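Visitor: File follows, my_file39.cif with mmCIF, C-alpha atoms, pLDDT in the B column; chains and numbers go by the auth columns:
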data_entry
#
loop_
_atom_site.group_PDB
_atom_site.id
_atom_site.type_symbol
_atom_site.label_atom_id
_atom_site.label_comp_id
_atom_site.label_asym_id
_atom_site.label_seq_id
_atom_site.Cartn_x
_atom_site.Cartn_y
_atom_site.Cartn_z
_atom_site.B_iso_or_equiv
_atom_site.auth_seq_id
_atom_site.auth_asym_id
ATOM 1 C CA MET A 1 -28.374 23.054 -8.478 32.00 1 A
ATOM 2 C CA TRP A 2 -25.218 23.272 -10.583 36.00 2 A
ATOM 3 C CA PRO A 3 -24.423 26.581 -12.239 35.00 3 A
ATOM 4 C CA ALA A 4 -25.148 26.428 -15.942 32.00 4 A
ATOM 5 C CA ILE A 5 -21.932 27.516 -17.652 34.00 5 A
ATOM 6 C CA TYR A 6 -18.275 27.054 -16.872 40.00 6 A
ATOM 7 C CA LEU A 7 -15.805 29.138 -18.849 41.00 7 A
ATOM 8 C CA THR A 8 -12.094 29.210 -19.542 46.00 8 A
ATOM 9 C CA ARG A 9 -10.108 31.503 -21.770 44.00 9 A
ATOM 10 C CA ILE A 10 -6.413 31.832 -22.548 42.00 10 A
ATOM 11 C CA ARG A 11 -4.162 34.557 -21.256 45.00 11 A
ATOM 12 C CA PRO A 12 -1.314 35.910 -23.409 39.00 12 A
ATOM 13 C CA SER A 13 1.033 34.000 -21.082 45.00 13 A
ATOM 14 C CA GLY A 14 -0.342 30.750 -22.474 48.00 14 A
ATOM 15 C CA ARG A 15 -2.196 29.857 -19.302 52.00 15 A
ATOM 16 C CA PHE A 16 -5.895 29.101 -19.243 51.00 16 A
ATOM 17 C CA PHE A 17 -7.674 31.684 -17.111 48.00 17 A
ATOM 18 C CA ILE A 18 -10.500 30.440 -14.890 48.00 18 A
ATOM 19 C CA PRO A 19 -13.213 33.014 -14.255 45.00 19 A
ATOM 20 C CA SER A 20 -15.297 30.414 -12.358 44.00 20 A
ATOM 21 C CA PHE A 21 -18.863 29.168 -12.729 44.00 21 A
ATOM 22 C CA ILE A 22 -21.454 31.683 -13.867 37.00 22 A
ATOM 23 C CA ASP A 23 -25.175 31.150 -14.047 41.00 23 A
ATOM 24 C CA GLY A 24 -27.351 30.755 -17.146 40.00 24 A
ATOM 25 C CA LYS A 25 -28.350 34.419 -17.180 37.00 25 A
ATOM 26 C CA GLN A 26 -24.663 35.347 -17.317 35.00 26 A
ATOM 27 C CA ASN A 27 -25.036 38.039 -14.708 35.00 27 A
ATOM 28 C CA ILE A 28 -23.386 37.926 -11.251 37.00 28 A
ATOM 29 C CA ARG A 29 -20.013 39.410 -10.688 38.00 29 A
ATOM 30 C CA TYR A 30 -18.579 37.899 -13.895 36.00 30 A
ATOM 31 C CA ASN A 31 -16.488 40.849 -15.031 41.00 31 A
ATOM 32 C CA GLN A 32 -15.430 41.522 -11.461 40.00 32 A
ATOM 33 C CA PHE A 33 -14.314 37.921 -11.005 41.00 33 A
ATOM 34 C CA MET A 34 -12.419 37.912 -14.306 41.00 34 A
ATOM 35 C CA ASN A 35 -10.303 40.764 -12.962 47.00 35 A
ATOM 36 C CA THR A 36 -9.596 39.129 -9.598 54.00 36 A
ATOM 37 C CA CYS A 37 -9.496 35.324 -10.051 62.00 37 A
ATOM 38 C CA PRO A 38 -5.897 34.177 -9.484 84.00 38 A
ATOM 39 C CA LEU A 39 -6.237 30.605 -10.879 93.00 39 A
ATOM 40 C CA SER A 40 -4.738 29.625 -14.231 95.00 40 A
ATOM 41 C CA MET A 41 -3.770 26.387 -15.984 96.00 41 A
ATOM 42 C CA LYS A 42 -0.999 25.467 -18.432 97.00 42 A
ATOM 43 C CA LYS A 43 0.908 22.468 -19.790 97.00 43 A
ATOM 44 C CA MET A 44 3.567 21.309 -17.338 98.00 44 A
ATOM 45 C CA GLU A 45 7.156 22.386 -18.014 98.00 45 A
ATOM 46 C CA LEU A 46 10.358 21.677 -16.111 98.00 46 A
ATOM 47 C CA LYS A 47 10.323 25.136 -14.532 98.00 47 A
ATOM 48 C CA ASP A 48 6.946 24.288 -12.980 98.00 48 A
ATOM 49 C CA VAL A 49 8.464 21.196 -11.376 98.00 49 A
ATOM 50 C CA PHE A 50 11.198 23.337 -9.844 98.00 50 A
ATOM 51 C CA ALA A 51 8.449 25.546 -8.401 97.00 51 A
ATOM 52 C CA MET A 52 6.835 22.543 -6.688 98.00 52 A
ATOM 53 C CA ARG A 53 9.825 22.219 -4.354 97.00 53 A
ATOM 54 C CA SER A 54 8.164 24.769 -2.077 96.00 54 A
ATOM 55 C CA TRP A 55 5.175 22.462 -1.497 97.00 55 A
ATOM 56 C CA ALA A 56 4.402 21.355 2.032 96.00 56 A
ATOM 57 C CA ASN A 57 4.101 17.727 3.112 96.00 57 A
ATOM 58 C CA ASN A 58 0.815 16.128 4.121 94.00 58 A
ATOM 59 C CA GLU A 59 0.336 15.861 7.870 91.00 59 A
ATOM 60 C CA HIS A 60 -1.624 12.602 7.671 88.00 60 A
ATOM 61 C CA PRO A 61 0.766 9.615 7.426 88.00 61 A
ATOM 62 C CA LEU A 62 -1.443 7.796 4.902 92.00 62 A
ATOM 63 C CA LEU A 63 -1.071 10.672 2.444 91.00 63 A
ATOM 64 C CA ALA A 64 2.724 10.716 2.503 90.00 64 A
ATOM 65 C CA SER A 65 2.872 9.055 -0.930 88.00 65 A
ATOM 66 C CA TYR A 66 1.309 12.212 -2.405 91.00 66 A
ATOM 67 C CA ASP A 67 4.123 14.433 -1.098 95.00 67 A
ATOM 68 C CA PHE A 68 6.311 16.011 -3.742 95.00 68 A
ATOM 69 C CA TRP A 69 9.682 14.473 -2.912 94.00 69 A
ATOM 70 C CA PRO A 70 12.238 15.949 -5.431 95.00 70 A
ATOM 71 C CA ARG A 71 14.417 18.691 -3.962 94.00 71 A
ATOM 72 C CA GLU A 72 17.631 18.740 -5.988 97.00 72 A
ATOM 73 C CA ASP A 73 17.663 19.899 -9.615 97.00 73 A
ATOM 74 C CA TYR A 74 18.619 16.450 -10.904 97.00 74 A
ATOM 75 C CA GLU A 75 15.735 14.895 -8.932 98.00 75 A
ATOM 76 C CA CYS A 76 13.277 17.348 -10.500 98.00 76 A
ATOM 77 C CA ARG A 77 14.597 16.578 -13.983 98.00 77 A
ATOM 78 C CA TYR A 78 14.281 12.840 -13.364 98.00 78 A
ATOM 79 C CA TRP A 79 10.725 13.220 -11.989 97.00 79 A
ATOM 80 C CA TYR A 80 9.697 15.361 -14.962 98.00 80 A
ATOM 81 C CA SER A 81 11.235 13.006 -17.518 97.00 81 A
ATOM 82 C CA LYS A 82 9.485 9.964 -16.029 96.00 82 A
ATOM 83 C CA LYS A 83 6.125 11.724 -15.921 95.00 83 A
ATOM 84 C CA THR A 84 6.278 12.981 -19.493 94.00 84 A
ATOM 85 C CA GLU A 85 8.125 10.187 -21.321 96.00 85 A
ATOM 86 C CA LEU A 86 4.960 8.469 -22.581 95.00 86 A
ATOM 87 C CA LYS A 87 2.886 10.067 -25.325 94.00 87 A
ATOM 88 C CA SER A 88 -0.212 8.538 -23.766 96.00 88 A
ATOM 89 C CA ASN A 89 0.197 10.842 -20.739 97.00 89 A
ATOM 90 C CA GLU A 90 -0.272 14.608 -20.484 98.00 90 A
ATOM 91 C CA TYR A 91 0.481 16.766 -17.450 98.00 91 A
ATOM 92 C CA PHE A 92 -0.852 20.213 -16.550 98.00 92 A
ATOM 93 C CA VAL A 93 -0.250 22.607 -13.668 98.00 93 A
ATOM 94 C CA TYR A 94 -2.490 25.121 -11.945 98.00 94 A
ATOM 95 C CA TYR A 95 -1.207 28.407 -10.573 97.00 95 A
ATOM 96 C CA TYR A 96 -2.796 30.465 -7.825 96.00 96 A
ATOM 97 C CA GLY A 97 -1.423 33.865 -8.674 93.00 97 A
ATOM 98 C CA GLU A 98 2.313 33.216 -9.017 94.00 98 A
ATOM 99 C CA ASP A 99 2.302 29.998 -6.956 96.00 99 A
ATOM 100 C CA CYS A 100 2.167 26.572 -8.584 98.00 100 A
ATOM 101 C CA ILE A 101 -0.336 24.735 -6.374 98.00 101 A
ATOM 102 C CA SER A 102 -1.464 21.626 -8.266 98.00 102 A
ATOM 103 C CA TYR A 103 -0.685 19.268 -11.089 98.00 103 A
ATOM 104 C CA VAL A 104 -3.304 17.300 -12.995 98.00 104 A
ATOM 105 C CA SER A 105 -2.676 14.424 -15.358 98.00 105 A
ATOM 106 C CA MET A 106 -4.417 12.624 -18.186 98.00 106 A
ATOM 107 C CA LYS A 107 -2.854 9.156 -18.204 97.00 107 A
ATOM 108 C CA ARG A 108 -3.399 6.138 -20.452 97.00 108 A
ATOM 109 C CA ILE A 109 -5.032 8.352 -23.059 98.00 109 A
ATOM 110 C CA SER A 110 -6.973 6.304 -25.589 97.00 110 A
ATOM 111 C CA GLN A 111 -7.983 7.985 -28.823 95.00 111 A
ATOM 112 C CA ARG A 112 -9.985 4.882 -29.754 96.00 112 A
ATOM 113 C CA THR A 113 -12.275 5.037 -26.709 97.00 113 A
ATOM 114 C CA ARG A 114 -11.806 8.802 -26.161 97.00 114 A
ATOM 115 C CA SER A 115 -10.927 8.186 -22.528 98.00 115 A
ATOM 116 C CA ALA A 116 -8.137 8.755 -20.016 98.00 116 A
ATOM 117 C CA GLU A 117 -7.281 8.250 -16.345 98.00 117 A
ATOM 118 C CA LEU A 118 -7.210 11.252 -14.019 98.00 118 A
ATOM 119 C CA GLY A 119 -4.505 12.173 -11.541 97.00 119 A
ATOM 120 C CA LEU A 120 -4.776 15.203 -9.237 97.00 120 A
ATOM 121 C CA VAL A 121 -2.259 16.365 -6.607 97.00 121 A
ATOM 122 C CA MET A 122 -2.321 19.639 -4.661 97.00 122 A
ATOM 123 C CA ASP A 123 0.080 21.501 -2.427 97.00 123 A
ATOM 124 C CA PRO A 124 -1.313 20.748 1.068 96.00 124 A
ATOM 125 C CA LYS A 125 -1.023 24.453 1.939 96.00 125 A
ATOM 126 C CA TYR A 126 -3.888 25.149 -0.480 96.00 126 A
ATOM 127 C CA GLN A 127 -6.195 22.310 0.477 94.00 127 A
ATOM 128 C CA ASN A 128 -9.508 22.823 2.280 92.00 128 A
ATOM 129 C CA GLN A 129 -10.076 26.191 0.576 93.00 129 A
ATOM 130 C CA GLY A 130 -12.419 25.112 -2.239 92.00 130 A
ATOM 131 C CA LEU A 131 -9.629 25.314 -4.817 95.00 131 A
ATOM 132 C CA GLY A 132 -9.581 21.569 -5.482 95.00 132 A
ATOM 133 C CA HIS A 133 -13.251 21.688 -6.431 95.00 133 A
ATOM 134 C CA GLN A 134 -12.682 24.571 -8.812 95.00 134 A
ATOM 135 C CA ILE A 135 -9.566 23.016 -10.349 96.00 135 A
ATOM 136 C CA LEU A 136 -11.216 19.643 -10.914 97.00 136 A
ATOM 137 C CA GLY A 137 -14.348 21.223 -12.376 95.00 137 A
ATOM 138 C CA ASP A 138 -12.311 23.352 -14.750 95.00 138 A
ATOM 139 C CA PHE A 139 -10.116 20.464 -15.858 97.00 139 A
ATOM 140 C CA LEU A 140 -13.046 18.143 -16.517 97.00 140 A
ATOM 141 C CA PHE A 141 -14.707 20.856 -18.581 95.00 141 A
ATOM 142 C CA TYR A 142 -11.489 21.252 -20.581 96.00 142 A
ATOM 143 C CA PHE A 143 -11.211 17.462 -20.945 97.00 143 A
ATOM 144 C CA PHE A 144 -14.780 16.893 -22.121 97.00 144 A
ATOM 145 C CA GLN A 145 -15.840 20.130 -23.805 95.00 145 A
ATOM 146 C CA THR A 146 -12.564 21.436 -25.263 95.00 146 A
ATOM 147 C CA ARG A 147 -10.759 18.167 -26.004 96.00 147 A
ATOM 148 C CA GLY A 148 -13.851 16.131 -26.853 96.00 148 A
ATOM 149 C CA PHE A 149 -13.154 13.081 -24.667 98.00 149 A
ATOM 150 C CA GLN A 150 -16.012 10.852 -23.564 98.00 150 A
ATOM 151 C CA LYS A 151 -14.924 9.168 -20.307 98.00 151 A
ATOM 152 C CA MET A 152 -12.608 9.941 -17.400 98.00 152 A
ATOM 153 C CA THR A 153 -11.658 7.265 -14.866 98.00 153 A
ATOM 154 C CA LEU A 154 -9.571 7.384 -11.689 98.00 154 A
ATOM 155 C CA LYS A 155 -8.363 5.204 -8.841 97.00 155 A
ATOM 156 C CA VAL A 156 -8.675 6.325 -5.237 97.00 156 A
ATOM 157 C CA ASP A 157 -7.907 4.742 -1.865 97.00 157 A
ATOM 158 C CA LEU A 158 -10.880 4.236 0.429 96.00 158 A
ATOM 159 C CA PHE A 159 -9.034 5.918 3.299 95.00 159 A
ATOM 160 C CA ASN A 160 -8.954 9.128 1.243 95.00 160 A
ATOM 161 C CA GLN A 161 -12.563 10.077 1.923 94.00 161 A
ATOM 162 C CA ARG A 162 -11.947 13.774 1.243 94.00 162 A
ATOM 163 C CA ALA A 163 -10.909 12.951 -2.324 96.00 163 A
ATOM 164 C CA ILE A 164 -13.851 10.575 -2.794 97.00 164 A
ATOM 165 C CA HIS A 165 -16.305 13.282 -1.731 96.00 165 A
ATOM 166 C CA LEU A 166 -14.687 15.711 -4.192 96.00 166 A
ATOM 167 C CA TYR A 167 -14.941 13.235 -7.062 97.00 167 A
ATOM 168 C CA GLU A 168 -18.552 12.372 -6.235 96.00 168 A
ATOM 169 C CA SER A 169 -19.418 16.078 -6.249 94.00 169 A
ATOM 170 C CA MET A 170 -18.242 16.146 -9.883 95.00 170 A
ATOM 171 C CA GLY A 171 -20.404 13.199 -10.896 95.00 171 A
ATOM 172 C CA PHE A 172 -17.876 10.365 -10.565 97.00 172 A
ATOM 173 C CA GLN A 173 -19.479 7.026 -9.754 97.00 173 A
ATOM 174 C CA LYS A 174 -17.913 4.033 -8.023 97.00 174 A
ATOM 175 C CA LYS A 175 -17.422 1.107 -10.395 97.00 175 A
ATOM 176 C CA ARG A 176 -15.246 -1.607 -8.871 96.00 176 A
ATOM 177 C CA ARG A 177 -12.879 -2.389 -5.998 96.00 177 A
ATOM 178 C CA THR A 178 -9.089 -2.335 -6.334 96.00 178 A
ATOM 179 C CA TYR A 179 -6.256 -3.411 -4.042 95.00 179 A
ATOM 180 C CA THR A 180 -2.815 -1.757 -3.942 93.00 180 A
ATOM 181 C CA LEU A 181 0.272 -2.794 -1.989 92.00 181 A
ATOM 182 C CA PHE A 182 0.704 -0.076 0.625 90.00 182 A
ATOM 183 C CA GLY A 183 3.770 -1.032 2.600 79.00 183 A
ATOM 184 C CA GLU A 184 4.541 -0.889 6.305 78.00 184 A
ATOM 185 C CA VAL A 185 1.679 -1.657 8.649 87.00 185 A
ATOM 186 C CA GLU A 186 3.199 0.658 11.272 84.00 186 A
ATOM 187 C CA ARG A 187 2.224 3.708 9.180 84.00 187 A
ATOM 188 C CA ILE A 188 -1.481 2.867 9.374 91.00 188 A
ATOM 189 C CA PRO A 189 -3.424 4.447 12.253 90.00 189 A
ATOM 190 C CA GLU A 190 -5.685 2.060 14.127 90.00 190 A
ATOM 191 C CA GLU A 191 -8.830 3.930 13.081 91.00 191 A
ATOM 192 C CA SER A 192 -7.932 3.503 9.393 92.00 192 A
ATOM 193 C CA ARG A 193 -7.154 -0.208 9.367 93.00 193 A
ATOM 194 C CA ARG A 194 -10.650 -1.101 8.182 95.00 194 A
ATOM 195 C CA ASP A 195 -9.581 0.288 4.786 96.00 195 A
ATOM 196 C CA PHE A 196 -6.715 -2.229 4.498 95.00 196 A
ATOM 197 C CA ILE A 197 -6.096 -5.937 4.249 94.00 197 A
ATOM 198 C CA ILE A 198 -3.183 -6.725 6.556 91.00 198 A
ATOM 199 C CA PHE A 199 -1.133 -9.914 6.379 87.00 199 A
ATOM 200 C CA SER A 200 2.476 -10.996 7.034 83.00 200 A
ATOM 201 C CA GLY A 201 3.498 -7.504 8.090 81.00 201 A
ATOM 202 C CA LEU A 202 2.302 -5.918 4.844 87.00 202 A
ATOM 203 C CA ALA A 203 -0.884 -4.126 3.900 92.00 203 A
ATOM 204 C CA LEU A 204 -3.100 -3.910 0.841 94.00 204 A
ATOM 205 C CA SER A 205 -4.998 -0.659 0.543 95.00 205 A
ATOM 206 C CA LYS A 206 -8.620 -1.058 -0.488 97.00 206 A
ATOM 207 C CA GLY A 207 -9.454 1.280 -3.323 97.00 207 A
ATOM 208 C CA MET A 208 -12.079 2.123 -5.882 97.00 208 A
ATOM 209 C CA VAL A 209 -12.202 2.745 -9.611 98.00 209 A
ATOM 210 C CA MET A 210 -14.514 5.671 -10.353 98.00 210 A
ATOM 211 C CA GLU A 211 -15.611 7.162 -13.650 98.00 211 A
ATOM 212 C CA VAL A 212 -17.614 10.016 -15.108 98.00 212 A
ATOM 213 C CA ARG A 213 -18.839 10.371 -18.676 97.00 213 A
ATOM 214 C CA ALA A 214 -19.065 13.520 -20.756 97.00 214 A
ATOM 215 C CA CYS A 215 -22.828 13.298 -21.132 94.00 215 A
ATOM 216 C CA ASP A 216 -23.323 13.140 -17.356 93.00 216 A
ATOM 217 C CA PHE A 217 -20.806 15.850 -16.455 94.00 217 A
ATOM 218 C CA LEU A 218 -21.741 18.378 -19.144 91.00 218 A
ATOM 219 C CA LYS A 219 -25.502 18.094 -18.638 83.00 219 A
ATOM 220 C CA GLU A 220 -24.927 19.405 -15.117 69.00 220 A
ATOM 221 C CA LYS A 221 -22.716 22.260 -16.296 63.00 221 A
ATOM 222 C CA ILE A 222 -24.315 23.599 -19.466 58.00 222 A
#
Using the file provided, produce a representation of the structure as structure tokens.
Guide:
Amino acid sequence: MWPAIYLTRIRPSGRFFIPSFIDGKQNIRYNQFMNTCPLSMKKMELKDVFAMRSWANNEHPLLASYDFWPREDYECRYWYSKKTELKSNEYFVYYYGEDCISYVSMKRISQRTRSAELGLVMDPKYQNQGLGHQILGDFLFYFFQTRGFQKMTLKVDLFNQRAIHLYESMGFQKKRRTYTLFGEVERIPEESRRDFIIFSGLALSKGMVMEVRACDFLKEKI
């Protein structure tokens, strides 16, 4: 059973404060959690990109493309400019206390269809702690309830089962198969090769387009 209400409010710092899910009776530890929850969200700025330089790298070789690679100031500026140059994209960051631990994107925003494509990347040091679930739930609530969008889509590689399970827990449904050029076959562990098409020394990663609609997500949350 999903909790009934999910709340955000804005701190004077400009960050959204995330007190977490509370139930329909609005009891349970709410005031206590508001005083202790260290998660907050804001629009991405260049200073946030500089903060991402402390992120760890993923241990699994297939997740190396998610590593935050910029280290020098000029690399961070280039990365930030490329991410934010299109008006159809918006980027946000989540902080855990004073640490920037995740960025989330709305890409290919369409005002006509009230839809966008999701991107979510986390500092590996903060994975497997339930924070990804809370961040994604909060952002989808902001996307649908606060911004009034109607559909969120995403693309995910089949080898990334942890991400698929997270998206399914938020109501995302698989829609169609995709194929993405991955690169060197040598990087693919033997046990993961079923998720690739391998030919001529190259590999195509099998993926999936998933989507969730406002009516389906919000009926589980409100």
Visitor: Could you name the residues that touch Leu202 (chain A) at 12 Å or less, counting all atoms listed in the file, but leaving out those on the same chain fewer than 5 positions away, as a list in words?
Guide: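 Selected residues are Thr180, Leu181, Phe182, Gly183, Glu184, Val185, Glu186, Arg187, Ile188, Arg193, Phe196 and Ile197 of chain A.
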Visitor: Convert the output of the PyMOL selection byres ((chain A and resi 176) around 8) on the shown file into explicit residues, formatted as number ranges by chain.
Guide: A: 174-175, 177-178, 208-210
Visitor: Could you pull the residues within 10 Å of Ile164 (chain A), counting all atoms listed in the file, minus those fewer than 5 positions along the same chain, as a PyMOL selection string?
Guide: chain A and resi 155-159+169+172-174+208+210
Visitor: So that I can see what lies close to Ser88 (chain A), please list as a PDB file with C-alpha atoms, in the coordinates of the input the residues with an atom at most 7 Å from it, counting all atoms listed in the file and leaving out residues fewer than 3 positions away in the same chain.
Guide:
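Done, and the output landed in part36.pdb:
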ATOM      1  CA  LYS A 107      -2.854   9.156 -18.204  1.00 97.00           C
ATOM      2  CA  ARG A 108      -3.399   6.138 -20.452  1.00 97.00           C
ATOM      3  CA  ILE A 109      -5.032   8.352 -23.059  1.00 98.00           C
TER       4      ILE A 109
END
Visitor: Pick the closest to Leu86 (chain A) from A:Leu120, A:Val49, A:Ala163, A:Met106: which is it, counting only C-alpha atoms?
Guide: A:Met106
Visitor: I'd like the residues picked by the PyMOL selection byres ((chain A and resi 152) around 9) written out as a list in words, using the chain letters and numbers from the file.
Guide: Met106, Arg114, Ser115, Ala116, Glu117, Leu118, Leu140, Phe143, Phe144, Phe149, Gln150, Lys151, Thr153, Leu154, Phe172, Met210, Glu211, Val212, Arg213 and Ala214 of chain A
Visitor: Taking C-alpha atoms for each residue, export the selection above as an mmCIF file, keeping the file's coordinate frame.
Guide:
data_model
loop_
_atom_site.group_PDB
_atom_site.id
_atom_site.type_symbol
_atom_site.label_atom_id
_atom_site.label_comp_id
_atom_site.auth_asym_id
_atom_site.auth_seq_id
_atom_site.Cartn_x
_atom_site.Cartn_y
_atom_site.Cartn_z
ATOM 1 C CA MET A 106 -4.417 12.624 -18.186
ATOM 2 C CA ARG A 114 -11.806 8.802 -26.161
ATOM 3 C CA SER A 115 -10.927 8.186 -22.528
ATOM 4 C CA ALA A 116 -8.137 8.755 -20.016
ATOM 5 C CA GLU A 117 -7.281 8.250 -16.345
ATOM 6 C CA LEU A 118 -7.210 11.252 -14.019
ATOM 7 C CA LEU A 140 -13.046 18.143 -16.517
ATOM 8 C CA PHE A 143 -11.211 17.462 -20.945
ATOM 9 C CA PHE A 144 -14.780 16.893 -22.121
ATOM 10 C CA PHE A 149 -13.154 13.081 -24.667
ATOM 11 C CA GLN A 150 -16.012 10.852 -23.564
ATOM 12 C CA LYS A 151 -14.924 9.168 -20.307
ATOM 13 C CA THR A 153 -11.658 7.265 -14.866
ATOM 14 C CA LEU A 154 -9.571 7.384 -11.689
ATOM 15 C CA PHE A 172 -17.876 10.365 -10.565
ATOM 16 C CA MET A 210 -14.514 5.671 -10.353
ATOM 17 C CA GLU A 211 -15.611 7.162 -13.650
ATOM 18 C CA VAL A 212 -17.614 10.016 -15.108
ATOM 19 C CA ARG A 213 -18.839 10.371 -18.676
ATOM 20 C CA ALA A 214 -19.065 13.520 -20.756
#
Visitor: Between A:Lys219, A:Arg162, A:Lys47, A:Lys42, which residue has the minimum interatomic distance to Gly130 (chain A), considering only C-alpha atoms?
Guide: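 Closest to Gly130 (chain A), using only C-alpha atoms: A:Arg162.
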Visitor: Under the rule that only C-alpha atoms are counted, which of A:Met122, A:Cys215, A:Ala56, A:Val93 is the nearest residue to Gln145 (chain A)?
Guide: A:Cys215
Visitor: In Å, rounded to a single decimal, give me how far CA of Tyr66 (chain A) is from CA of Arg147 (chain A).
Guide: 27.2 Å
Visitor: Given the file above and the PyMOL selection byres ((chain A and resi 127) around 12), which residues are selected, and can you give them as a compact mmCIF listing (two decimals) with C-alpha atoms, in the coordinates of the input?
Guide:
# COMPACT_ATOMS: atom_id res chain seq x y z
CA TRP A 55 5.18 22.46 -1.50
CA ALA A 56 4.40 21.36 2.03
CA ASN A 57 4.10 17.73 3.11
CA ASN A 58 0.82 16.13 4.12
CA GLU A 59 0.34 15.86 7.87
CA ILE A 101 -0.34 24.74 -6.37
CA SER A 102 -1.46 21.63 -8.27
CA VAL A 121 -2.26 16.36 -6.61
CA MET A 122 -2.32 19.64 -4.66
CA ASP A 123 0.08 21.50 -2.43
CA PRO A 124 -1.31 20.75 1.07
CA LYS A 125 -1.02 24.45 1.94
CA TYR A 126 -3.89 25.15 -0.48
CA ASN A 128 -9.51 22.82 2.28
CA GLN A 129 -10.08 26.19 0.58
CA GLY A 130 -12.42 25.11 -2.24
CA LEU A 131 -9.63 25.31 -4.82
CA GLY A 132 -9.58 21.57 -5.48
CA HIS A 133 -13.25 21.69 -6.43
CA GLN A 134 -12.68 24.57 -8.81
CA ILE A 135 -9.57 23.02 -10.35
CA ARG A 162 -11.95 13.77 1.24
CA ALA A 163 -10.91 12.95 -2.32
CA LEU A 166 -14.69 15.71 -4.19
Visitor: Between CA of Glu45 (chain A) and CA of Lys83 (chain A), measure the distance and give it in Å to one decimal.
Guide: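 CA of Glu45 (chain A) sits 10.9 Å away from CA of Lys83 (chain A).
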Visitor: Pick from A:Lys43, A:Lys206, A:Arg53, A:Arg194: nearest to Asn89 (chain A), with only C-alpha atoms counted?
Guide: A:Lys43
Visitor: CA of Leu39 (chain A) and CA of Ala51 (chain A), how far apart in Å?
Guide: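 So the answer is 15.7 Å.
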Visitor: Considering all atoms listed in the file, return as a list in words whatever protein or nucleic-acid residues lie within 12 Å of Lys82 (chain A), sequence-local ones (same chain, fewer than 6 positions apart) excluded.
Guide: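 Final neighbour list, sorted by chain and number: Leu46, Glu75, Cys76, Asn89, Glu90 and Tyr91 of chain A.
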Visitor: Out of A:Tyr74, A:Phe139, A:Trp69, A:Trp79, which residue has the shortest atom-to-atom distance to Phe92 (chain A) when counting only C-alpha atoms?
Guide: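 Between A:Tyr74, A:Phe139, A:Trp69, A:Trp79, the residue approaching Phe92 (chain A) most closely is A:Phe139.
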Visitor: Which neighbours of Pro189 (chain A) fall inside 10 Å, counting all atoms listed in the file, when residues of the same chain fewer than 5 positions from it are skipped, and could you give them as a ChimeraX atom specification?
Guide: /A:60-62,194
